[in-house]
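Novice: Sharing my_file.cif here; it has mmCIF, C-alpha atoms.
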data_query
loop_
_atom_site.label_atom_id
_atom_site.label_comp_id
_atom_site.auth_asym_id
_atom_site.auth_seq_id
_atom_site.Cartn_x
_atom_site.Cartn_y
_atom_site.Cartn_z
CA MET A 1470 -89.30 -0.56 37.41
CA ALA A 1471 -86.76 -3.40 37.57
CA SER A 1472 -85.91 -4.75 41.01
CA SER A 1473 -82.39 -4.76 42.42
CA ILE A 1474 -80.31 -7.24 44.38
CA GLY A 1475 -78.39 -6.43 47.54
CA ARG A 1476 -74.70 -7.26 47.55
CA VAL A 1477 -72.35 -8.40 44.78
CA LEU A 1478 -69.11 -10.02 45.92
CA VAL A 1479 -66.06 -9.90 43.63
CA PRO A 1480 -62.97 -11.99 44.49
CA VAL A 1481 -59.77 -10.50 43.05
CA LYS A 1482 -56.21 -11.83 42.86
CA ARG A 1483 -52.80 -10.13 42.80
CA VAL A 1484 -50.72 -11.57 39.96
CA VAL A 1485 -47.57 -10.73 38.01
CA ASP A 1486 -48.56 -8.00 35.56
CA TYR A 1487 -49.59 -9.33 32.14
CA ALA A 1488 -46.98 -7.15 30.38
CA VAL A 1489 -44.05 -8.62 32.36
CA LYS A 1490 -41.88 -11.26 30.70
CA ILE A 1491 -41.86 -14.24 33.06
CA ARG A 1492 -38.50 -15.68 34.13
CA VAL A 1493 -37.97 -19.11 35.66
CA VAL A 1494 -35.16 -19.28 38.22
CA GLY A 1495 -34.30 -22.43 40.17
CA GLY A 1496 -37.43 -24.26 39.02
CA LYS A 1497 -39.74 -21.46 40.17
CA VAL A 1498 -41.24 -18.33 38.64
CA ASP A 1499 -39.15 -15.33 39.67
CA THR A 1500 -41.45 -12.77 41.32
CA ALA A 1501 -38.78 -10.68 43.07
CA ASN A 1502 -38.87 -6.99 42.09
CA VAL A 1503 -41.52 -7.74 39.47
CA LYS A 1504 -44.55 -5.53 38.85
CA HIS A 1505 -47.83 -7.00 40.10
CA SER A 1506 -51.40 -5.95 39.36
CA MET A 1507 -54.97 -7.19 39.54
CA ASN A 1508 -55.70 -10.30 37.51
CA PRO A 1509 -57.24 -8.95 34.24
CA PHE A 1510 -60.26 -11.28 34.37
CA ASP A 1511 -60.97 -10.16 37.94
CA GLN A 1512 -60.75 -6.55 36.78
CA ILE A 1513 -63.48 -7.34 34.24
CA ALA A 1514 -65.55 -8.88 37.06
CA VAL A 1515 -65.18 -5.71 39.18
CA GLU A 1516 -66.26 -3.57 36.23
CA GLU A 1517 -69.36 -5.70 35.65
CA ALA A 1518 -70.35 -5.53 39.32
CA VAL A 1519 -69.88 -1.75 39.41
CA ARG A 1520 -71.99 -1.39 36.26
CA LEU A 1521 -74.81 -3.32 37.93
CA LYS A 1522 -74.63 -0.89 40.83
CA GLU A 1523 -74.61 2.13 38.49
CA GLN A 1524 -77.68 0.73 36.73
CA LYS A 1525 -79.43 0.52 40.14
CA ARG A 1526 -79.61 -3.28 39.80
CA ALA A 1527 -77.33 -3.85 42.82
CA ARG A 1528 -77.03 -1.85 46.00
CA GLU A 1529 -73.36 -2.44 46.87
CA VAL A 1530 -70.18 -4.12 45.66
CA TRP A 1531 -67.66 -5.85 47.90
CA ALA A 1532 -64.18 -6.94 46.80
CA VAL A 1533 -62.23 -9.70 48.56
CA SER A 1534 -58.68 -10.94 48.09
CA VAL A 1535 -56.64 -13.76 49.60
CA GLY A 1536 -52.95 -12.92 49.69
CA PRO A 1537 -50.03 -11.21 51.47
CA SER A 1538 -50.11 -7.63 52.72
CA LYS A 1539 -49.40 -6.28 49.22
CA ALA A 1540 -52.76 -7.64 48.07
CA GLN A 1541 -54.27 -4.52 49.63
CA GLU A 1542 -52.99 -2.62 46.56
CA ILE A 1543 -55.41 -4.39 44.23
CA LEU A 1544 -58.24 -4.07 46.74
CA ARG A 1545 -57.68 -0.31 46.71
CA THR A 1546 -57.79 -0.47 42.91
CA ALA A 1547 -61.16 -2.24 43.11
CA LEU A 1548 -62.40 0.41 45.54
CA ALA A 1549 -61.19 3.15 43.19
CA MET A 1550 -63.10 1.50 40.33
CA GLY A 1551 -66.31 1.76 42.33
CA ALA A 1552 -66.46 -1.04 44.90
CA ASP A 1553 -67.89 0.05 48.26
CA ASN A 1554 -66.07 -2.24 50.67
CA ALA A 1555 -63.12 -4.62 50.72
CA VAL A 1556 -62.05 -7.67 52.72
CA HIS A 1557 -58.40 -8.74 52.84
CA VAL A 1558 -57.79 -12.33 53.91
CA GLU A 1559 -54.11 -12.02 54.78
CA VAL A 1560 -51.63 -14.87 54.49
CA PRO A 1561 -47.82 -14.71 54.94
CA GLU A 1562 -45.69 -13.66 51.97
CA GLY A 1563 -44.82 -16.65 49.77
CA THR A 1564 -47.79 -18.76 50.87
CA ASP A 1565 -49.13 -20.89 48.02
CA VAL A 1566 -52.91 -20.63 48.35
CA GLN A 1567 -54.38 -23.05 45.83
CA PRO A 1568 -57.82 -22.87 44.17
CA LEU A 1569 -59.57 -25.28 46.56
CA GLN A 1570 -58.29 -23.39 49.59
CA VAL A 1571 -59.31 -20.05 48.04
CA ALA A 1572 -62.78 -21.48 47.36
CA LYS A 1573 -63.09 -22.57 50.99
CA VAL A 1574 -62.09 -19.08 52.18
CA LEU A 1575 -64.61 -17.50 49.79
CA LYS A 1576 -67.31 -19.90 51.02
CA ALA A 1577 -66.72 -18.66 54.56
CA ILE A 1578 -66.90 -15.03 53.39
CA VAL A 1579 -70.09 -15.70 51.43
CA GLU A 1580 -71.77 -17.39 54.39
CA LYS A 1581 -70.86 -14.41 56.56
CA GLU A 1582 -71.67 -11.52 54.21
CA LYS A 1583 -74.65 -13.08 52.36
CA PRO A 1584 -74.15 -11.71 48.81
CA ASP A 1585 -76.82 -12.33 46.18
CA LEU A 1586 -74.28 -12.72 43.39
CA VAL A 1587 -70.59 -13.58 43.16
CA ILE A 1588 -68.72 -12.50 40.02
CA LEU A 1589 -65.07 -13.48 39.55
CA GLY A 1590 -62.62 -13.90 36.71
CA LYS A 1591 -62.81 -17.21 34.87
CA GLN A 1592 -59.13 -17.84 35.65
CA ALA A 1593 -55.97 -16.19 36.96
CA ILE A 1594 -53.21 -15.52 34.44
CA ASP A 1595 -50.49 -16.89 36.74
CA ASP A 1596 -51.68 -20.47 37.28
CA ASP A 1597 -54.48 -20.59 34.64
CA SER A 1598 -56.35 -23.05 36.86
CA ASN A 1599 -59.93 -22.01 35.94
CA GLN A 1600 -61.19 -23.81 39.06
CA THR A 1601 -62.05 -21.38 41.86
CA GLY A 1602 -65.48 -20.30 40.62
CA GLN A 1603 -66.60 -23.84 39.92
CA MET A 1604 -65.28 -25.12 43.26
CA LEU A 1605 -67.00 -22.29 45.13
CA ALA A 1606 -70.31 -23.12 43.45
CA GLY A 1607 -69.85 -26.77 44.39
CA LEU A 1608 -69.03 -26.00 48.02
CA LEU A 1609 -72.02 -23.66 48.37
CA GLY A 1610 -74.42 -25.76 46.33
CA TRP A 1611 -75.17 -22.68 44.18
CA PRO A 1612 -75.85 -22.61 40.43
CA GLN A 1613 -72.99 -21.40 38.25
CA ALA A 1614 -72.60 -19.78 34.82
CA THR A 1615 -69.02 -19.71 33.56
CA PHE A 1616 -67.19 -17.82 30.78
CA ALA A 1617 -69.80 -15.05 30.72
CA SER A 1618 -69.67 -12.62 27.78
CA LYS A 1619 -72.89 -10.87 28.86
CA VAL A 1620 -74.60 -10.64 32.25
CA GLU A 1621 -78.12 -9.38 32.90
CA LEU A 1622 -80.48 -9.60 35.83
CA ALA A 1623 -84.10 -10.64 35.41
CA ASP A 1624 -86.57 -7.78 35.92
CA ASP A 1625 -87.69 -9.23 39.25
CA ALA A 1626 -84.02 -9.82 40.29
CA SER A 1627 -84.75 -13.47 41.01
CA SER A 1628 -82.26 -14.83 38.48
CA VAL A 1629 -79.23 -13.92 36.39
CA LEU A 1630 -79.20 -14.25 32.58
CA VAL A 1631 -75.78 -15.14 31.19
CA THR A 1632 -74.60 -15.33 27.59
CA ARG A 1633 -71.46 -17.40 27.03
CA GLU A 1634 -69.38 -18.06 23.94
CA VAL A 1635 -69.13 -21.71 22.91
CA ASP A 1636 -67.65 -23.43 19.87
CA GLY A 1637 -70.96 -23.41 18.01
CA GLY A 1638 -71.85 -19.79 18.73
CA LEU A 1639 -73.58 -18.33 21.79
CA GLU A 1640 -75.24 -20.14 24.67
CA LYS A 1641 -77.73 -18.42 26.98
CA LEU A 1642 -78.27 -19.61 30.54
CA GLU A 1643 -80.59 -18.52 33.35
CA ALA A 1644 -79.56 -19.28 36.91
CA PRO A 1645 -81.65 -18.55 40.02
CA LEU A 1646 -80.01 -16.30 42.59
CA PRO A 1647 -77.85 -16.56 44.58
CA ALA A 1648 -75.39 -17.73 41.93
CA ILE A 1649 -71.75 -17.76 40.81
CA VAL A 1650 -70.69 -16.13 37.53
CA THR A 1651 -67.19 -16.21 36.03
CA ALA A 1652 -66.18 -13.46 33.62
CA ASP A 1653 -64.71 -13.99 30.17
CA LEU A 1654 -62.50 -11.55 28.27
CA ARG A 1655 -65.24 -10.00 26.13
CA LEU A 1656 -67.68 -9.27 28.96
CA ASN A 1657 -66.66 -5.60 29.11
CA GLU A 1658 -63.80 -3.10 28.90
CA PRO A 1659 -62.72 -2.17 32.46
CA ARG A 1660 -62.47 1.50 33.33
CA TYR A 1661 -59.32 3.21 34.50
CA ALA A 1662 -59.42 4.46 38.08
CA THR A 1663 -59.28 8.26 38.09
CA LEU A 1664 -57.06 10.17 40.54
CA PRO A 1665 -60.02 11.56 42.56
CA ASN A 1666 -61.43 8.04 42.92
CA ILE A 1667 -58.02 6.68 43.91
CA MET A 1668 -57.91 9.27 46.69
CA LYS A 1669 -61.48 8.45 47.76
CA ALA A 1670 -60.62 4.74 47.84
CA LYS A 1671 -58.14 5.37 50.66
CA LYS A 1672 -61.06 6.32 52.91
CA LYS A 1673 -63.29 3.38 52.02
CA PRO A 1674 -63.51 0.50 54.52
CA LEU A 1675 -61.01 -2.36 54.18
CA THR A 1676 -61.31 -5.18 56.71
CA LYS A 1677 -58.41 -7.52 57.46
CA VAL A 1678 -58.96 -11.12 58.56
CA THR A 1679 -56.95 -14.33 58.46
CA PRO A 1680 -57.94 -17.79 57.23
CA ALA A 1681 -57.85 -18.93 60.87
CA ASP A 1682 -60.46 -16.26 61.74
CA LEU A 1683 -62.69 -17.88 59.13
CA GLY A 1684 -61.94 -21.42 60.32
CA VAL A 1685 -60.18 -22.37 57.07
CA ASP A 1686 -56.94 -24.31 56.66
CA VAL A 1687 -55.06 -23.09 53.57
CA THR A 1688 -52.36 -25.78 53.65
CA PRO A 1689 -51.68 -26.78 50.00
CA THR A 1690 -53.02 -30.14 48.86
CA LEU A 1691 -50.96 -30.20 45.67
CA GLU A 1692 -47.18 -29.93 45.26
CA VAL A 1693 -45.56 -28.23 42.28
CA LEU A 1694 -42.45 -30.28 41.55
CA GLU A 1695 -40.85 -27.99 39.01
CA VAL A 1696 -41.54 -25.11 36.64
CA THR A 1697 -39.68 -25.03 33.32
CA GLU A 1698 -39.66 -22.55 30.48
CA PRO A 1699 -40.85 -23.73 27.06
CA PRO A 1700 -38.05 -24.65 24.64
CA LYS A 1701 -36.71 -21.78 22.60
CA ARG A 1702 -37.96 -21.67 19.03
CA VAL A 1703 -35.53 -22.66 16.33
CA GLY A 1704 -35.19 -20.33 13.34
CA GLY A 1705 -36.81 -21.33 10.07
CA ALA A 1706 -35.09 -22.16 6.77
CA LYS A 1707 -35.78 -21.28 3.15
CA VAL A 1708 -36.07 -23.91 0.42
CA GLU A 1709 -35.55 -23.51 -3.30
CA SER A 1710 -38.27 -25.84 -4.56
CA VAL A 1711 -41.31 -27.90 -3.63
CA ASP A 1712 -39.27 -31.08 -3.99
CA GLU A 1713 -36.76 -29.81 -1.43
CA LEU A 1714 -39.59 -28.87 0.93
CA VAL A 1715 -41.13 -32.35 0.67
CA GLU A 1716 -37.73 -33.95 1.27
CA LYS A 1717 -37.16 -31.90 4.42
CA LEU A 1718 -40.65 -32.72 5.71
CA LYS A 1719 -39.98 -36.43 5.16
CA LYS A 1720 -36.71 -36.20 7.11
CA ALA A 1721 -38.55 -34.44 9.93
CA GLY A 1722 -41.11 -37.26 9.98
CA VAL A 1723 -44.00 -34.91 9.25
CA VAL A 1724 -45.10 -36.62 6.03
#
Mind turning the file's structure into structure tokens?
Specialist:
Amino acid sequence: MASSIGRVLVPVKRVVDYAVKIRVVGGKVDTANVKHSMNPFDQIAVEEAVRLKEQKRAREVWAVSVGPSKAQEILRTALAMGADNAVHVEVPEGTDVQPLQVAKVLKAIVEKEKPDLVILGKQAIDDDSNQTGQMLAGLLGWPQATFASKVELADDASSVLVTREVDGGLEKLEAPLPAIVTADLRLNEPRYATLPNIMKAKKKPLTKVTPADLGVDVTPTLEVLEVTEPPKRVGGAKVESVDELVEKLKKAGVV
């Protein structure tokens, strides 16, 4: 019988919902009265962790989020999907917590809770940084396997086997535990939380702490000067012949 690991930690982020059309107002992304949800890649990470638990390869799943009070909504979603416990690292509304600061917070959580595996989304769809997992691995000195499209545990639960998509095909890695894994889009199809599980999630433990409790300073180290929308696309034009097409391309400096 295959062995199991103890705890899987899944960091999750509250972001503007993927279906919302982003508006830029005053050089910043307008988030007022806009629907928010769990970062889709983090949702995939939660699903993978829960599947490991359902397969008896992990004993429990913990979700953690760094954000304002409303971040508890996505933690409850993670609990409804099957996570057993949640930790909310609360910061004031409007605080810009950047990847390095998030990684430092997660390092403190990992050192306290001692998970065997950390699975998180490869990137957040709001800033697209793709940095937190790698930074966390660096801070902890743990092995990492990024952009995972398949995750398996070795029979003796001493290592994690990760398949990742690369330009030339598939790459397979084996990393000794404890380790960091970041989830790619094709890792799995996340489940929808059912109403009974949503109700049960309200009774599951959710611990609130602050960065100061963890001894972490989340002051930003980078400054965003301005956010601008991409230029609007100009409508195309029809041409009557190949010669006319070539002439227009020459005028545009393309050929």
Novice: What is the distance between CA of Val1533 (chain A) and CA of Val1503 (chain A), in Å to one decimal?
Specialist: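 If I compute the distance from CA of Val1533 (chain A) to CA of Val1503 (chain A), I get 22.7 Å.
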Novice: List the spatial neighbours of region 1668-1671 of chain A as number ranges by chain - criterion: any atom at most 10 Å away, all atoms listed in the file, same-chain residues fewer than 2 positions off excluded.
Specialist: A: 1544-1554, 1662-1666, 1673-1675
Novice: Pick out the residues sitting within 8 Å of Thr1697 (chain A), and hand them over as a count of residues only; count all atoms listed in the file, and ignore anything fewer than 5 positions along from it in its own chain.
Specialist: 3
Novice: On this structure, the PyMOL selection byres ((chain A and resi 1609) around 12) would catch which residues? List them as a PyMOL selection string, sorted by chain and number.
Specialist: chain A and resi 1572-1580+1583+1587+1602-1608+1610-1613+1647-1649
Novice: Would you please work out which residue, of A:Asp1625, A:Asp1686, A:Asp1499, A:Asp1511, is nearest to Ala1593 (chain A) when using all atoms listed in the file?
Specialist: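 Nearest candidate to Ala1593 (chain A) out of A:Asp1625, A:Asp1686, A:Asp1499, A:Asp1511: A:Asp1511.
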Novice: Using all atoms listed in the file, pick whichever of A:Ala1681, A:Val1560, A:Ala1527, A:Leu1656 has the shortest atom-to-atom distance to Ile1513 (chain A).
Specialist: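 Answer, going by the shortest atom-to-atom distance: A:Leu1656.
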Novice: Generate the coordinates of all heavy atoms for region 1555-1566 of chain A; report them as a compact mmCIF listing (two decimals), in the coordinates of the input.
Specialist:
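File rebuild-v4.txt, as written:
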# COMPACT_ATOMS: atom_id res chain seq x y z
N ALA A 1555 -64.12 -3.62 51.08
CA ALA A 1555 -63.12 -4.62 50.72
C ALA A 1555 -62.79 -5.47 51.94
O ALA A 1555 -62.80 -4.99 53.08
CB ALA A 1555 -61.86 -3.96 50.18
N VAL A 1556 -62.48 -6.74 51.68
CA VAL A 1556 -62.05 -7.67 52.72
C VAL A 1556 -60.73 -8.28 52.28
O VAL A 1556 -60.63 -8.85 51.18
CB VAL A 1556 -63.08 -8.79 52.96
CG1 VAL A 1556 -62.57 -9.76 54.02
CG2 VAL A 1556 -64.42 -8.20 53.37
N HIS A 1557 -59.71 -8.16 53.13
CA HIS A 1557 -58.40 -8.74 52.84
C HIS A 1557 -58.18 -9.94 53.75
O HIS A 1557 -58.09 -9.80 54.96
CB HIS A 1557 -57.29 -7.70 53.04
CG HIS A 1557 -55.93 -8.24 52.81
ND1 HIS A 1557 -54.79 -7.72 53.41
CD2 HIS A 1557 -55.49 -9.28 52.05
CE1 HIS A 1557 -53.74 -8.41 53.02
NE2 HIS A 1557 -54.14 -9.36 52.20
N VAL A 1558 -58.11 -11.12 53.15
CA VAL A 1558 -57.79 -12.33 53.91
C VAL A 1558 -56.28 -12.51 53.80
O VAL A 1558 -55.77 -12.97 52.78
CB VAL A 1558 -58.54 -13.56 53.36
CG1 VAL A 1558 -58.25 -14.78 54.23
CG2 VAL A 1558 -60.04 -13.29 53.29
N GLU A 1559 -55.57 -12.11 54.85
CA GLU A 1559 -54.11 -12.02 54.78
C GLU A 1559 -53.44 -13.34 55.11
O GLU A 1559 -53.77 -14.02 56.08
CB GLU A 1559 -53.59 -10.93 55.71
CG GLU A 1559 -52.10 -10.65 55.55
CD GLU A 1559 -51.64 -9.42 56.30
OE1 GLU A 1559 -52.45 -8.84 57.06
OE2 GLU A 1559 -50.47 -9.02 56.13
N VAL A 1560 -52.48 -13.70 54.26
CA VAL A 1560 -51.63 -14.87 54.49
C VAL A 1560 -50.18 -14.40 54.39
O VAL A 1560 -49.89 -13.37 53.79
CB VAL A 1560 -51.89 -15.98 53.45
CG1 VAL A 1560 -53.31 -16.50 53.57
CG2 VAL A 1560 -51.61 -15.50 52.04
N PRO A 1561 -49.22 -15.13 55.00
CA PRO A 1561 -47.82 -14.71 54.94
C PRO A 1561 -47.29 -14.66 53.50
O PRO A 1561 -47.75 -15.40 52.63
CB PRO A 1561 -47.10 -15.80 55.75
CG PRO A 1561 -48.15 -16.37 56.64
CD PRO A 1561 -49.42 -16.31 55.86
N GLU A 1562 -46.33 -13.77 53.28
CA GLU A 1562 -45.69 -13.66 51.97
C GLU A 1562 -45.11 -15.01 51.55
O GLU A 1562 -44.49 -15.71 52.35
CB GLU A 1562 -44.57 -12.62 52.03
CG GLU A 1562 -43.91 -12.32 50.69
CD GLU A 1562 -44.79 -11.49 49.77
OE1 GLU A 1562 -45.44 -10.55 50.27
OE2 GLU A 1562 -44.80 -11.79 48.56
N GLY A 1563 -45.35 -15.39 50.29
CA GLY A 1563 -44.82 -16.65 49.77
C GLY A 1563 -45.72 -17.84 49.98
O GLY A 1563 -45.41 -18.94 49.52
N THR A 1564 -46.85 -17.65 50.66
CA THR A 1564 -47.79 -18.76 50.87
C THR A 1564 -48.48 -19.13 49.56
O THR A 1564 -48.98 -18.26 48.85
CB THR A 1564 -48.87 -18.38 51.91
OG1 THR A 1564 -48.24 -18.02 53.13
CG2 THR A 1564 -49.81 -19.54 52.16
N ASP A 1565 -48.48 -20.40 49.24
CA ASP A 1565 -49.13 -20.89 48.02
C ASP A 1565 -50.57 -21.28 48.36
O ASP A 1565 -50.82 -22.36 48.89
CB ASP A 1565 -48.36 -22.10 47.47
CG ASP A 1565 -49.01 -22.68 46.21
OD1 ASP A 1565 -49.76 -21.94 45.55
OD2 ASP A 1565 -48.76 -23.86 45.92
N VAL A 1566 -51.49 -20.37 48.07
CA VAL A 1566 -52.91 -20.63 48.35
C VAL A 1566 -53.54 -21.14 47.06
O VAL A 1566 -53.70 -20.40 46.10
CB VAL A 1566 -53.64 -19.38 48.86
CG1 VAL A 1566 -55.05 -19.74 49.30
CG2 VAL A 1566 -52.88 -18.74 50.01
